[in-house]
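Asks: One structure, pasted below without further comment.
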Amino acid sequence: MNMDTCDLLGARVNLLTMTQLNDIIAATIESNKKCVLANHNLHSLYLLRDEAEMRIFFESADYSHVDGMALIFLGRCLGLPLMRCHRVTYADWFPILMRESSRQNWRVFYLGSRPGVSEEGAAILRQRFVGLEIATAHGYFDASRGSRENDNMVNIINRYKPNLLLVGMGMPRQEYWILNNVPNLCANVILPCGAAMDYVVGTIPTPPRWVGKIGLEWLSRLVNEPGRLWRRYLLEPWSLLPLFLAALIRRRVLARKT
């Protein structure tokens, strides 16, 4: 699939809309291939600076779409062709993806959330999307490479033979788990999806959708989970400011030369 790719503060970003992502998934499943769909936000850009494993994960991912309006705003300031339609967040995409899975008879496996949450979420989704084939397992296990619990989890997933494997264990744990296990997984499309199932169940309130359009979804999440997210939203972005200013200066220097 032809698409634009750009460098945003050192991260490779594919300019993909929700429709294009669905098309990639459909084509991958139809051809019985395997791909990893990663996503970028301010937190991932922060982690890329110091975490070698995160850099390896994103370098190895087949596609990396934008999941954060802040990245759209930063990209526009830097003259990149990012638009609002390129921001695809799981709060919006997950229900649509489950509807498409039901329509296309894709087998879905969700790995993540606290014990009981994923099962409840799967029941809600089966009721909402008739015919949806979805199995789940919670994310509270020893996910270290080579552990007995991890090997058992990989075997459970492979016996189910999912077309879609969604890993919702929080960034960066979900990315590390995918990186360590992707060679051994029998799934067509593997996606880190954060709190997607928690939004379905309501254990984490879904931010009003209008706040995402104006770039304030982070504030809604901070109000709901201040203890977990205050550092991510109040401190981490400032460490990216030097990268942004350097990129802005380079752009202006290049503009003068041309």
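Residues in the structure tokens are numbered from 1 in each chain, the chains being A, B, ... in the order shown, and ligands are numbered from 1 in the order shown.
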Identify, on the basis of only C-alpha atoms, every residue whose closest approach to Ile214 (chain A) does not exceed 12 Å; exclude the query and any residue fewer than 4 positions from it along the same chain; express the result as a ChimeraX atom specification.
Replies: /A:68-70,72-73,84,87,208-210,218-220
Asks: Could you write out the selected residues, including C-alpha atoms, as a CSV table (one decimal), in the first residue's frame?
Replies:
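Saved the output as part-v3.csv:
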```
chain,number,residue,atom,x,y,z
A,68,GLY,CA,-2.2,11.4,19.8
A,69,MET,CA,-3.5,14.8,18.6
A,70,ALA,CA,-0.4,16.5,20.1
A,72,ILE,CA,-0.6,16.1,14.7
A,73,PHE,CA,-0.1,19.6,16.1
A,84,ARG,CA,-6.6,15.2,11.9
A,87,ARG,CA,-4.9,10.5,14.3
A,208,PRO,CA,-15.6,12.7,25.7
A,209,ARG,CA,-14.8,12.3,22.0
A,210,TRP,CA,-14.9,16.1,21.4
A,218,TRP,CA,-4.9,13.9,27.9
A,219,LEU,CA,-6.5,16.3,30.4
A,220,SER,CA,-9.6,14.1,30.7
```
Asks: Compile the contact shell of Leu97 (chain A) as an NGL selection string: residues with an atom at most 12 Å away, counting only C-alpha atoms, same-chain residues fewer than 2 positions apart removed.
Replies: :A and (18-19 or 21-23 or 25-26 or 88-95 or 99-108 or 125 or 129 or 132 or 164-166 or 191 or 193 or 196)
Asks: Would you export the selected residues with C-alpha atoms as an mmCIF file, in the first residue's frame, please?
Replies:
```cif
data_model
loop_
_atom_site.group_PDB
_atom_site.id
_atom_site.type_symbol
_atom_site.label_atom_id
_atom_site.label_comp_id
_atom_site.auth_asym_id
_atom_site.auth_seq_id
_atom_site.Cartn_x
_atom_site.Cartn_y
_atom_site.Cartn_z
ATOM 1 C CA MET A 18 -8.605 4.476 10.069
ATOM 2 C CA THR A 19 -9.847 3.238 6.700
ATOM 3 C CA LEU A 21 -5.475 0.697 8.688
ATOM 4 C CA ASN A 22 -8.549 -1.490 8.202
ATOM 5 C CA ASP A 23 -7.460 -2.129 4.612
ATOM 6 C CA ILE A 25 -5.484 -5.601 8.241
ATOM 7 C CA ALA A 26 -7.854 -7.071 5.657
ATOM 8 C CA VAL A 88 -6.336 7.057 15.062
ATOM 9 C CA THR A 89 -6.914 6.293 18.728
ATOM 10 C CA TYR A 90 -8.278 3.021 20.092
ATOM 11 C CA ALA A 91 -11.100 4.768 21.926
ATOM 12 C CA ASP A 92 -12.524 5.445 18.458
ATOM 13 C CA TRP A 93 -11.043 2.596 16.427
ATOM 14 C CA PHE A 94 -11.525 -0.438 18.706
ATOM 15 C CA PRO A 95 -15.335 -0.676 18.366
ATOM 16 C CA ARG A 99 -17.505 -4.573 14.087
ATOM 17 C CA GLU A 100 -15.333 -5.261 11.051
ATOM 18 C CA SER A 101 -14.000 -8.442 12.694
ATOM 19 C CA SER A 102 -17.559 -9.645 13.177
ATOM 20 C CA ARG A 103 -18.462 -8.821 9.580
ATOM 21 C CA GLN A 104 -15.343 -10.452 8.128
ATOM 22 C CA ASN A 105 -15.336 -13.468 10.505
ATOM 23 C CA TRP A 106 -11.898 -12.566 11.844
ATOM 24 C CA ARG A 107 -10.836 -14.405 14.978
ATOM 25 C CA VAL A 108 -9.777 -11.994 17.727
ATOM 26 C CA LEU A 125 -18.575 -6.991 22.480
ATOM 27 C CA PHE A 129 -21.445 -7.393 17.444
ATOM 28 C CA LEU A 132 -17.821 -11.891 16.884
ATOM 29 C CA LEU A 164 -6.076 -10.275 15.247
ATOM 30 C CA LEU A 165 -4.043 -10.266 18.444
ATOM 31 C CA LEU A 166 -4.596 -7.135 20.531
ATOM 32 C CA LEU A 191 -1.477 -4.548 17.722
ATOM 33 C CA CYS A 193 -3.882 -1.329 22.141
ATOM 34 C CA ALA A 196 -9.038 -0.414 24.740
#
```
Asks: Where does DSSP see strand (DSSP E or B) in region 37-201 of chain A, if you list the residues as a PyMOL selection string?
Replies: chain A and resi 37-40+63-66+87+107-112+133-137+164-168+189-192
Asks: Name the residues in contact with Ala195 (chain A) at a cut-off of 10 Å, using only C-alpha atoms, excluding same-chain residues fewer than 6 positions from it; report them as a ChimeraX atom specification.
Replies: /A:90-91,112-113,167-171,203-204,206
Asks: With distances taken over only C-alpha atoms, which of A:Ser31, A:Arg128, A:Cys6, A:Arg12 is nearest to Pro81 (chain A)?
Replies: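 Closest candidate: A:Cys6.
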Asks: Could you give me the residues within region 117-250 of chain A that DSSP places in helix (DSSP H, G or I), as a PDB file with N, CA and C atoms, in the first residue's frame?
Replies:
```pdb
ATOM      1  N   VAL A 117     -11.681  -8.304  33.696  1.00  0.00           N
ATOM      2  CA  VAL A 117     -12.052  -7.185  32.829  1.00  0.00           C
ATOM      3  C   VAL A 117     -12.148  -7.625  31.367  1.00  0.00           C
ATOM      4  N   SER A 118     -11.154  -8.379  30.903  1.00  0.00           N
ATOM      5  CA  SER A 118     -11.170  -8.778  29.494  1.00  0.00           C
ATOM      6  C   SER A 118     -12.347  -9.701  29.193  1.00  0.00           C
ATOM      7  N   GLU A 119     -12.690 -10.598  30.149  1.00  0.00           N
ATOM      8  CA  GLU A 119     -13.834 -11.489  29.937  1.00  0.00           C
ATOM      9  C   GLU A 119     -15.138 -10.696  29.874  1.00  0.00           C
ATOM     10  N   GLU A 120     -15.282  -9.720  30.758  1.00  0.00           N
ATOM     11  CA  GLU A 120     -16.481  -8.888  30.752  1.00  0.00           C
ATOM     12  C   GLU A 120     -16.561  -8.074  29.466  1.00  0.00           C
ATOM     13  N   GLY A 121     -15.430  -7.532  29.048  1.00  0.00           N
ATOM     14  CA  GLY A 121     -15.411  -6.758  27.815  1.00  0.00           C
ATOM     15  C   GLY A 121     -15.765  -7.605  26.605  1.00  0.00           C
ATOM     16  N   ALA A 122     -15.250  -8.839  26.564  1.00  0.00           N
ATOM     17  CA  ALA A 122     -15.559  -9.734  25.448  1.00  0.00           C
ATOM     18  C   ALA A 122     -17.045 -10.040  25.398  1.00  0.00           C
ATOM     19  N   ALA A 123     -17.663 -10.234  26.559  1.00  0.00           N
ATOM     20  CA  ALA A 123     -19.109 -10.505  26.608  1.00  0.00           C
ATOM     21  C   ALA A 123     -19.904  -9.317  26.073  1.00  0.00           C
ATOM     22  N   ILE A 124     -19.480  -8.114  26.435  1.00  0.00           N
ATOM     23  CA  ILE A 124     -20.143  -6.905  25.932  1.00  0.00           C
ATOM     24  C   ILE A 124     -20.012  -6.814  24.416  1.00  0.00           C
ATOM     25  N   LEU A 125     -18.822  -7.091  23.916  1.00  0.00           N
ATOM     26  CA  LEU A 125     -18.575  -6.991  22.480  1.00  0.00           C
ATOM     27  C   LEU A 125     -19.346  -8.050  21.700  1.00  0.00           C
ATOM     28  N   ARG A 126     -19.433  -9.265  22.248  1.00  0.00           N
ATOM     29  CA  ARG A 126     -20.204 -10.316  21.566  1.00  0.00           C
ATOM     30  C   ARG A 126     -21.676  -9.934  21.470  1.00  0.00           C
ATOM     31  N   GLN A 127     -22.164  -9.256  22.495  1.00  0.00           N
ATOM     32  CA  GLN A 127     -23.560  -8.826  22.495  1.00  0.00           C
ATOM     33  C   GLN A 127     -23.769  -7.691  21.495  1.00  0.00           C
ATOM     34  N   ARG A 128     -22.764  -6.829  21.409  1.00  0.00           N
ATOM     35  CA  ARG A 128     -22.877  -5.662  20.530  1.00  0.00           C
ATOM     36  C   ARG A 128     -22.685  -6.033  19.063  1.00  0.00           C
ATOM     37  N   ARG A 148       7.756 -19.857  32.308  1.00  0.00           N
ATOM     38  CA  ARG A 148       6.744 -20.883  32.069  1.00  0.00           C
ATOM     39  C   ARG A 148       5.386 -20.248  31.761  1.00  0.00           C
ATOM     40  N   GLU A 149       5.040 -19.201  32.518  1.00  0.00           N
ATOM     41  CA  GLU A 149       3.748 -18.549  32.296  1.00  0.00           C
ATOM     42  C   GLU A 149       3.687 -17.903  30.910  1.00  0.00           C
ATOM     43  N   ASN A 150       4.788 -17.316  30.497  1.00  0.00           N
ATOM     44  CA  ASN A 150       4.788 -16.668  29.181  1.00  0.00           C
ATOM     45  C   ASN A 150       4.690 -17.704  28.066  1.00  0.00           C
ATOM     46  N   ASP A 151       5.450 -18.783  28.172  1.00  0.00           N
ATOM     47  CA  ASP A 151       5.379 -19.827  27.158  1.00  0.00           C
ATOM     48  C   ASP A 151       3.973 -20.415  27.084  1.00  0.00           C
ATOM     49  N   ASN A 152       3.348 -20.575  28.234  1.00  0.00           N
ATOM     50  CA  ASN A 152       1.984 -21.096  28.267  1.00  0.00           C
ATOM     51  C   ASN A 152       1.017 -20.133  27.581  1.00  0.00           C
ATOM     52  N   MET A 153       1.213 -18.833  27.805  1.00  0.00           N
ATOM     53  CA  MET A 153       0.344 -17.843  27.180  1.00  0.00           C
ATOM     54  C   MET A 153       0.488 -17.873  25.656  1.00  0.00           C
ATOM     55  N   VAL A 154       1.708 -17.978  25.174  1.00  0.00           N
ATOM     56  CA  VAL A 154       1.931 -18.065  23.726  1.00  0.00           C
ATOM     57  C   VAL A 154       1.244 -19.300  23.157  1.00  0.00           C
ATOM     58  N   ASN A 155       1.310 -20.403  23.870  1.00  0.00           N
ATOM     59  CA  ASN A 155       0.657 -21.634  23.411  1.00  0.00           C
ATOM     60  C   ASN A 155      -0.866 -21.483  23.366  1.00  0.00           C
ATOM     61  N   ILE A 156      -1.424 -20.816  24.381  1.00  0.00           N
ATOM     62  CA  ILE A 156      -2.876 -20.580  24.408  1.00  0.00           C
ATOM     63  C   ILE A 156      -3.312 -19.758  23.197  1.00  0.00           C
ATOM     64  N   ILE A 157      -2.549 -18.710  22.931  1.00  0.00           N
ATOM     65  CA  ILE A 157      -2.866 -17.847  21.786  1.00  0.00           C
ATOM     66  C   ILE A 157      -2.757 -18.624  20.476  1.00  0.00           C
ATOM     67  N   ASN A 158      -1.688 -19.387  20.330  1.00  0.00           N
ATOM     68  CA  ASN A 158      -1.468 -20.107  19.077  1.00  0.00           C
ATOM     69  C   ASN A 158      -2.508 -21.202  18.843  1.00  0.00           C
ATOM     70  N   ARG A 159      -2.978 -21.818  19.913  1.00  0.00           N
ATOM     71  CA  ARG A 159      -4.031 -22.827  19.746  1.00  0.00           C
ATOM     72  C   ARG A 159      -5.321 -22.196  19.238  1.00  0.00           C
ATOM     73  N   TYR A 160      -5.552 -20.944  19.604  1.00  0.00           N
ATOM     74  CA  TYR A 160      -6.751 -20.235  19.152  1.00  0.00           C
ATOM     75  C   TYR A 160      -6.614 -19.789  17.698  1.00  0.00           C
ATOM     76  N   ARG A 173       5.144  -1.979  28.344  1.00  0.00           N
ATOM     77  CA  ARG A 173       5.137  -3.429  28.584  1.00  0.00           C
ATOM     78  C   ARG A 173       4.564  -4.192  27.399  1.00  0.00           C
ATOM     79  N   GLN A 174       3.493  -3.681  26.791  1.00  0.00           N
ATOM     80  CA  GLN A 174       2.878  -4.388  25.670  1.00  0.00           C
ATOM     81  C   GLN A 174       3.810  -4.434  24.462  1.00  0.00           C
ATOM     82  N   GLU A 175       4.536  -3.345  24.222  1.00  0.00           N
ATOM     83  CA  GLU A 175       5.482  -3.324  23.097  1.00  0.00           C
ATOM     84  C   GLU A 175       6.634  -4.296  23.336  1.00  0.00           C
ATOM     85  N   TYR A 176       7.145  -4.331  24.569  1.00  0.00           N
ATOM     86  CA  TYR A 176       8.228  -5.263  24.876  1.00  0.00           C
ATOM     87  C   TYR A 176       7.764  -6.699  24.697  1.00  0.00           C
ATOM     88  N   TRP A 177       6.534  -6.985  25.122  1.00  0.00           N
ATOM     89  CA  TRP A 177       6.026  -8.347  25.018  1.00  0.00           C
ATOM     90  C   TRP A 177       5.892  -8.758  23.547  1.00  0.00           C
ATOM     91  N   ILE A 178       5.371  -7.862  22.729  1.00  0.00           N
ATOM     92  CA  ILE A 178       5.240  -8.174  21.304  1.00  0.00           C
ATOM     93  C   ILE A 178       6.620  -8.400  20.686  1.00  0.00           C
ATOM     94  N   LEU A 179       7.561  -7.509  20.983  1.00  0.00           N
ATOM     95  CA  LEU A 179       8.912  -7.630  20.427  1.00  0.00           C
ATOM     96  C   LEU A 179       9.535  -8.973  20.777  1.00  0.00           C
ATOM     97  N   ASN A 180       9.355  -9.412  22.013  1.00  0.00           N
ATOM     98  CA  ASN A 180       9.978 -10.654  22.468  1.00  0.00           C
ATOM     99  C   ASN A 180       9.298 -11.904  21.924  1.00  0.00           C
ATOM    100  N   ASN A 181       8.024 -11.803  21.584  1.00  0.00           N
ATOM    101  CA  ASN A 181       7.262 -13.007  21.257  1.00  0.00           C
ATOM    102  C   ASN A 181       6.770 -13.104  19.825  1.00  0.00           C
ATOM    103  N   VAL A 182       6.889 -12.040  19.052  1.00  0.00           N
ATOM    104  CA  VAL A 182       6.304 -12.035  17.708  1.00  0.00           C
ATOM    105  C   VAL A 182       6.793 -13.180  16.822  1.00  0.00           C
ATOM    106  N   PRO A 183       8.057 -13.621  16.910  1.00  0.00           N
ATOM    107  CA  PRO A 183       8.471 -14.729  16.026  1.00  0.00           C
ATOM    108  C   PRO A 183       7.723 -16.025  16.316  1.00  0.00           C
ATOM    109  N   ASN A 184       7.223 -16.190  17.542  1.00  0.00           N
ATOM    110  CA  ASN A 184       6.591 -17.441  17.944  1.00  0.00           C
ATOM    111  C   ASN A 184       5.066 -17.386  17.915  1.00  0.00           C
ATOM    112  N   ALA A 196      -7.866  -0.280  25.606  1.00  0.00           N
ATOM    113  CA  ALA A 196      -9.038  -0.414  24.740  1.00  0.00           C
ATOM    114  C   ALA A 196     -10.170  -1.177  25.417  1.00  0.00           C
ATOM    115  N   MET A 197      -9.855  -2.317  26.047  1.00  0.00           N
ATOM    116  CA  MET A 197     -10.913  -3.116  26.664  1.00  0.00           C
ATOM    117  C   MET A 197     -11.435  -2.468  27.945  1.00  0.00           C
ATOM    118  N   ASP A 198     -10.586  -1.757  28.651  1.00  0.00           N
ATOM    119  CA  ASP A 198     -11.021  -1.061  29.865  1.00  0.00           C
ATOM    120  C   ASP A 198     -12.042   0.023  29.528  1.00  0.00           C
ATOM    121  N   TYR A 199     -11.904   0.644  28.356  1.00  0.00           N
ATOM    122  CA  TYR A 199     -12.897   1.624  27.917  1.00  0.00           C
ATOM    123  C   TYR A 199     -14.236   0.939  27.638  1.00  0.00           C
ATOM    124  N   VAL A 200     -14.191  -0.253  27.043  1.00  0.00           N
ATOM    125  CA  VAL A 200     -15.425  -0.983  26.734  1.00  0.00           C
ATOM    126  C   VAL A 200     -16.188  -1.302  28.020  1.00  0.00           C
ATOM    127  N   VAL A 201     -15.451  -1.769  29.031  1.00  0.00           N
ATOM    128  CA  VAL A 201     -16.070  -2.175  30.292  1.00  0.00           C
ATOM    129  C   VAL A 201     -16.445  -0.973  31.153  1.00  0.00           C
ATOM    130  N   ARG A 209     -15.524  12.342  23.280  1.00  0.00           N
ATOM    131  CA  ARG A 209     -14.834  12.301  22.000  1.00  0.00           C
ATOM    132  C   ARG A 209     -14.498  13.685  21.459  1.00  0.00           C
ATOM    133  N   TRP A 210     -15.244  14.716  21.870  1.00  0.00           N
ATOM    134  CA  TRP A 210     -14.945  16.050  21.352  1.00  0.00           C
ATOM    135  C   TRP A 210     -13.629  16.588  21.893  1.00  0.00           C
ATOM    136  N   VAL A 211     -13.213  16.131  23.095  1.00  0.00           N
ATOM    137  CA  VAL A 211     -11.965  16.668  23.655  1.00  0.00           C
ATOM    138  C   VAL A 211     -10.750  16.170  22.871  1.00  0.00           C
ATOM    139  N   GLY A 212     -10.877  14.972  22.286  1.00  0.00           N
ATOM    140  CA  GLY A 212      -9.779  14.476  21.468  1.00  0.00           C
ATOM    141  C   GLY A 212      -9.564  15.299  20.228  1.00  0.00           C
ATOM    142  N   LYS A 213     -10.643  15.805  19.658  1.00  0.00           N
ATOM    143  CA  LYS A 213     -10.545  16.579  18.427  1.00  0.00           C
ATOM    144  C   LYS A 213      -9.834  17.911  18.629  1.00  0.00           C
ATOM    145  N   GLU A 217      -7.654  15.400  25.128  1.00  0.00           N
ATOM    146  CA  GLU A 217      -7.992  14.094  25.697  1.00  0.00           C
ATOM    147  C   GLU A 217      -7.069  13.753  26.867  1.00  0.00           C
ATOM    148  N   TRP A 218      -5.826  14.205  26.788  1.00  0.00           N
ATOM    149  CA  TRP A 218      -4.869  13.949  27.864  1.00  0.00           C
ATOM    150  C   TRP A 218      -5.358  14.530  29.192  1.00  0.00           C
ATOM    151  N   LEU A 219      -6.027  15.683  29.134  1.00  0.00           N
ATOM    152  CA  LEU A 219      -6.504  16.317  30.359  1.00  0.00           C
ATOM    153  C   LEU A 219      -7.617  15.495  31.000  1.00  0.00           C
ATOM    154  N   SER A 220      -8.505  14.975  30.182  1.00  0.00           N
ATOM    155  CA  SER A 220      -9.577  14.116  30.693  1.00  0.00           C
ATOM    156  C   SER A 220      -9.001  12.872  31.345  1.00  0.00           C
ATOM    157  N   ARG A 221      -8.008  12.266  30.710  1.00  0.00           N
ATOM    158  CA  ARG A 221      -7.391  11.062  31.273  1.00  0.00           C
ATOM    159  C   ARG A 221      -6.627  11.392  32.562  1.00  0.00           C
ATOM    160  N   LEU A 222      -5.978  12.546  32.589  1.00  0.00           N
ATOM    161  CA  LEU A 222      -5.245  12.947  33.782  1.00  0.00           C
ATOM    162  C   LEU A 222      -6.178  13.133  34.967  1.00  0.00           C
ATOM    163  N   VAL A 223      -7.336  13.724  34.736  1.00  0.00           N
ATOM    164  CA  VAL A 223      -8.324  13.920  35.799  1.00  0.00           C
ATOM    165  C   VAL A 223      -8.808  12.579  36.340  1.00  0.00           C
ATOM    166  N   ASN A 224      -8.977  11.594  35.460  1.00  0.00           N
ATOM    167  CA  ASN A 224      -9.481  10.286  35.874  1.00  0.00           C
ATOM    168  C   ASN A 224      -8.413   9.403  36.512  1.00  0.00           C
ATOM    169  N   PRO A 226      -4.974  10.509  37.925  1.00  0.00           N
ATOM    170  CA  PRO A 226      -3.854  11.416  38.204  1.00  0.00           C
ATOM    171  C   PRO A 226      -2.619  10.701  38.758  1.00  0.00           C
ATOM    172  N   GLY A 227      -2.813   9.717  39.604  1.00  0.00           N
ATOM    173  CA  GLY A 227      -1.673   9.038  40.208  1.00  0.00           C
ATOM    174  C   GLY A 227      -0.808   8.304  39.201  1.00  0.00           C
ATOM    175  N   ARG A 228      -1.430   7.749  38.177  1.00  0.00           N
ATOM    176  CA  ARG A 228      -0.691   6.972  37.169  1.00  0.00           C
ATOM    177  C   ARG A 228      -0.155   7.842  36.045  1.00  0.00           C
ATOM    178  N   LEU A 229      -0.838   8.924  35.727  1.00  0.00           N
ATOM    179  CA  LEU A 229      -0.530   9.643  34.497  1.00  0.00           C
ATOM    180  C   LEU A 229       0.080  11.023  34.675  1.00  0.00           C
ATOM    181  N   TRP A 230       0.217  11.507  35.927  1.00  0.00           N
ATOM    182  CA  TRP A 230       0.685  12.882  36.091  1.00  0.00           C
ATOM    183  C   TRP A 230       2.074  13.083  35.494  1.00  0.00           C
ATOM    184  N   ARG A 231       2.960  12.116  35.673  1.00  0.00           N
ATOM    185  CA  ARG A 231       4.316  12.269  35.141  1.00  0.00           C
ATOM    186  C   ARG A 231       4.306  12.262  33.608  1.00  0.00           C
ATOM    187  N   ARG A 232       3.489  11.360  33.037  1.00  0.00           N
ATOM    188  CA  ARG A 232       3.438  11.251  31.580  1.00  0.00           C
ATOM    189  C   ARG A 232       2.976  12.547  30.936  1.00  0.00           C
ATOM    190  N   TYR A 233       1.965  13.182  31.531  1.00  0.00           N
ATOM    191  CA  TYR A 233       1.365  14.338  30.872  1.00  0.00           C
ATOM    192  C   TYR A 233       1.918  15.686  31.332  1.00  0.00           C
ATOM    193  N   LEU A 234       2.480  15.733  32.547  1.00  0.00           N
ATOM    194  CA  LEU A 234       2.947  17.014  33.068  1.00  0.00           C
ATOM    195  C   LEU A 234       4.462  17.201  33.002  1.00  0.00           C
ATOM    196  N   GLU A 236       6.894  14.598  31.130  1.00  0.00           N
ATOM    197  CA  GLU A 236       7.563  14.035  29.955  1.00  0.00           C
ATOM    198  C   GLU A 236       7.563  14.964  28.735  1.00  0.00           C
ATOM    199  N   PRO A 237       6.454  15.642  28.423  1.00  0.00           N
ATOM    200  CA  PRO A 237       6.467  16.480  27.214  1.00  0.00           C
ATOM    201  C   PRO A 237       7.552  17.548  27.207  1.00  0.00           C
ATOM    202  N   TRP A 238       7.916  18.060  28.394  1.00  0.00           N
ATOM    203  CA  TRP A 238       8.929  19.119  28.446  1.00  0.00           C
ATOM    204  C   TRP A 238      10.290  18.606  27.982  1.00  0.00           C
ATOM    205  N   SER A 239      10.553  17.312  28.182  1.00  0.00           N
ATOM    206  CA  SER A 239      11.845  16.766  27.755  1.00  0.00           C
ATOM    207  C   SER A 239      11.946  16.683  26.234  1.00  0.00           C
ATOM    208  N   LEU A 241      10.841  19.132  24.312  1.00  0.00           N
ATOM    209  CA  LEU A 241      10.909  20.506  23.799  1.00  0.00           C
ATOM    210  C   LEU A 241      12.209  20.803  23.056  1.00  0.00           C
ATOM    211  N   PRO A 242      13.391  20.387  23.574  1.00  0.00           N
ATOM    212  CA  PRO A 242      14.626  20.652  22.818  1.00  0.00           C
ATOM    213  C   PRO A 242      14.622  19.992  21.439  1.00  0.00           C
ATOM    214  N   LEU A 243      14.077  18.774  21.329  1.00  0.00           N
ATOM    215  CA  LEU A 243      13.990  18.102  20.035  1.00  0.00           C
ATOM    216  C   LEU A 243      13.101  18.890  19.069  1.00  0.00           C
ATOM    217  N   PHE A 244      11.979  19.361  19.598  1.00  0.00           N
ATOM    218  CA  PHE A 244      11.047  20.124  18.762  1.00  0.00           C
ATOM    219  C   PHE A 244      11.678  21.438  18.293  1.00  0.00           C
ATOM    220  N   LEU A 245      12.327  22.157  19.209  1.00  0.00           N
ATOM    221  CA  LEU A 245      12.945  23.435  18.848  1.00  0.00           C
ATOM    222  C   LEU A 245      14.063  23.239  17.830  1.00  0.00           C
ATOM    223  N   ALA A 246      14.858  22.162  18.007  1.00  0.00           N
ATOM    224  CA  ALA A 246      15.937  21.885  17.056  1.00  0.00           C
ATOM    225  C   ALA A 246      15.368  21.584  15.673  1.00  0.00           C
ATOM    226  N   ALA A 247      14.288  20.810  15.629  1.00  0.00           N
ATOM    227  CA  ALA A 247      13.651  20.494  14.344  1.00  0.00           C
ATOM    228  C   ALA A 247      13.054  21.740  13.705  1.00  0.00           C
ATOM    229  N   LEU A 248      12.486  22.628  14.522  1.00  0.00           N
ATOM    230  CA  LEU A 248      11.902  23.863  14.017  1.00  0.00           C
ATOM    231  C   LEU A 248      12.968  24.783  13.436  1.00  0.00           C
ATOM    232  N   ILE A 249      14.116  24.854  14.123  1.00  0.00           N
ATOM    233  CA  ILE A 249      15.224  25.687  13.637  1.00  0.00           C
ATOM    234  C   ILE A 249      15.760  25.133  12.321  1.00  0.00           C
ATOM    235  N   ARG A 250      15.920  23.799  12.233  1.00  0.00           N
ATOM    236  CA  ARG A 250      16.404  23.188  10.995  1.00  0.00           C
ATOM    237  C   ARG A 250      15.465  23.500   9.832  1.00  0.00           C
TER     238      ARG A 250
END
```
Asks: Tell me, as JSON, numbers by chain, which residues lie within 6 Å of Thr17 (chain A), counting only C-alpha atoms; anything in the same chain fewer than 3 positions away does not count.
Replies: {"A": [20, 85, 86]}
Asks: Take the selection from the previous step and output its residues with C-alpha atoms, as an mmCIF file, in the first residue's frame.
Replies:
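Contents of the output file result09.cif:
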```cif
data_model
loop_
_atom_site.group_PDB
_atom_site.id
_atom_site.type_symbol
_atom_site.label_atom_id
_atom_site.label_comp_id
_atom_site.auth_asym_id
_atom_site.auth_seq_id
_atom_site.Cartn_x
_atom_site.Cartn_y
_atom_site.Cartn_z
ATOM 1 C CA GLN A 20 -6.301 2.600 5.503
ATOM 2 C CA CYS A 85 -7.697 12.086 9.978
ATOM 3 C CA HIS A 86 -4.233 10.611 10.601
#
```
Asks: In Å, rounded to a single decimal, give me how far CA of Asp142 (chain A) is from CA of Asn163 (chain A).
Replies: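 Straight-line distance from CA of Asn163 (chain A) to CA of Asp142 (chain A) works out to 24.2 Å.
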Asks: Would you pick out the contacts of His65 (chain A) at 6 Å or less, using only C-alpha atoms, so that residues sharing its chain but fewer than 2 positions from it are not included, and give the list as a PyMOL selection string?
Replies: chain A and resi 13-14+16+39
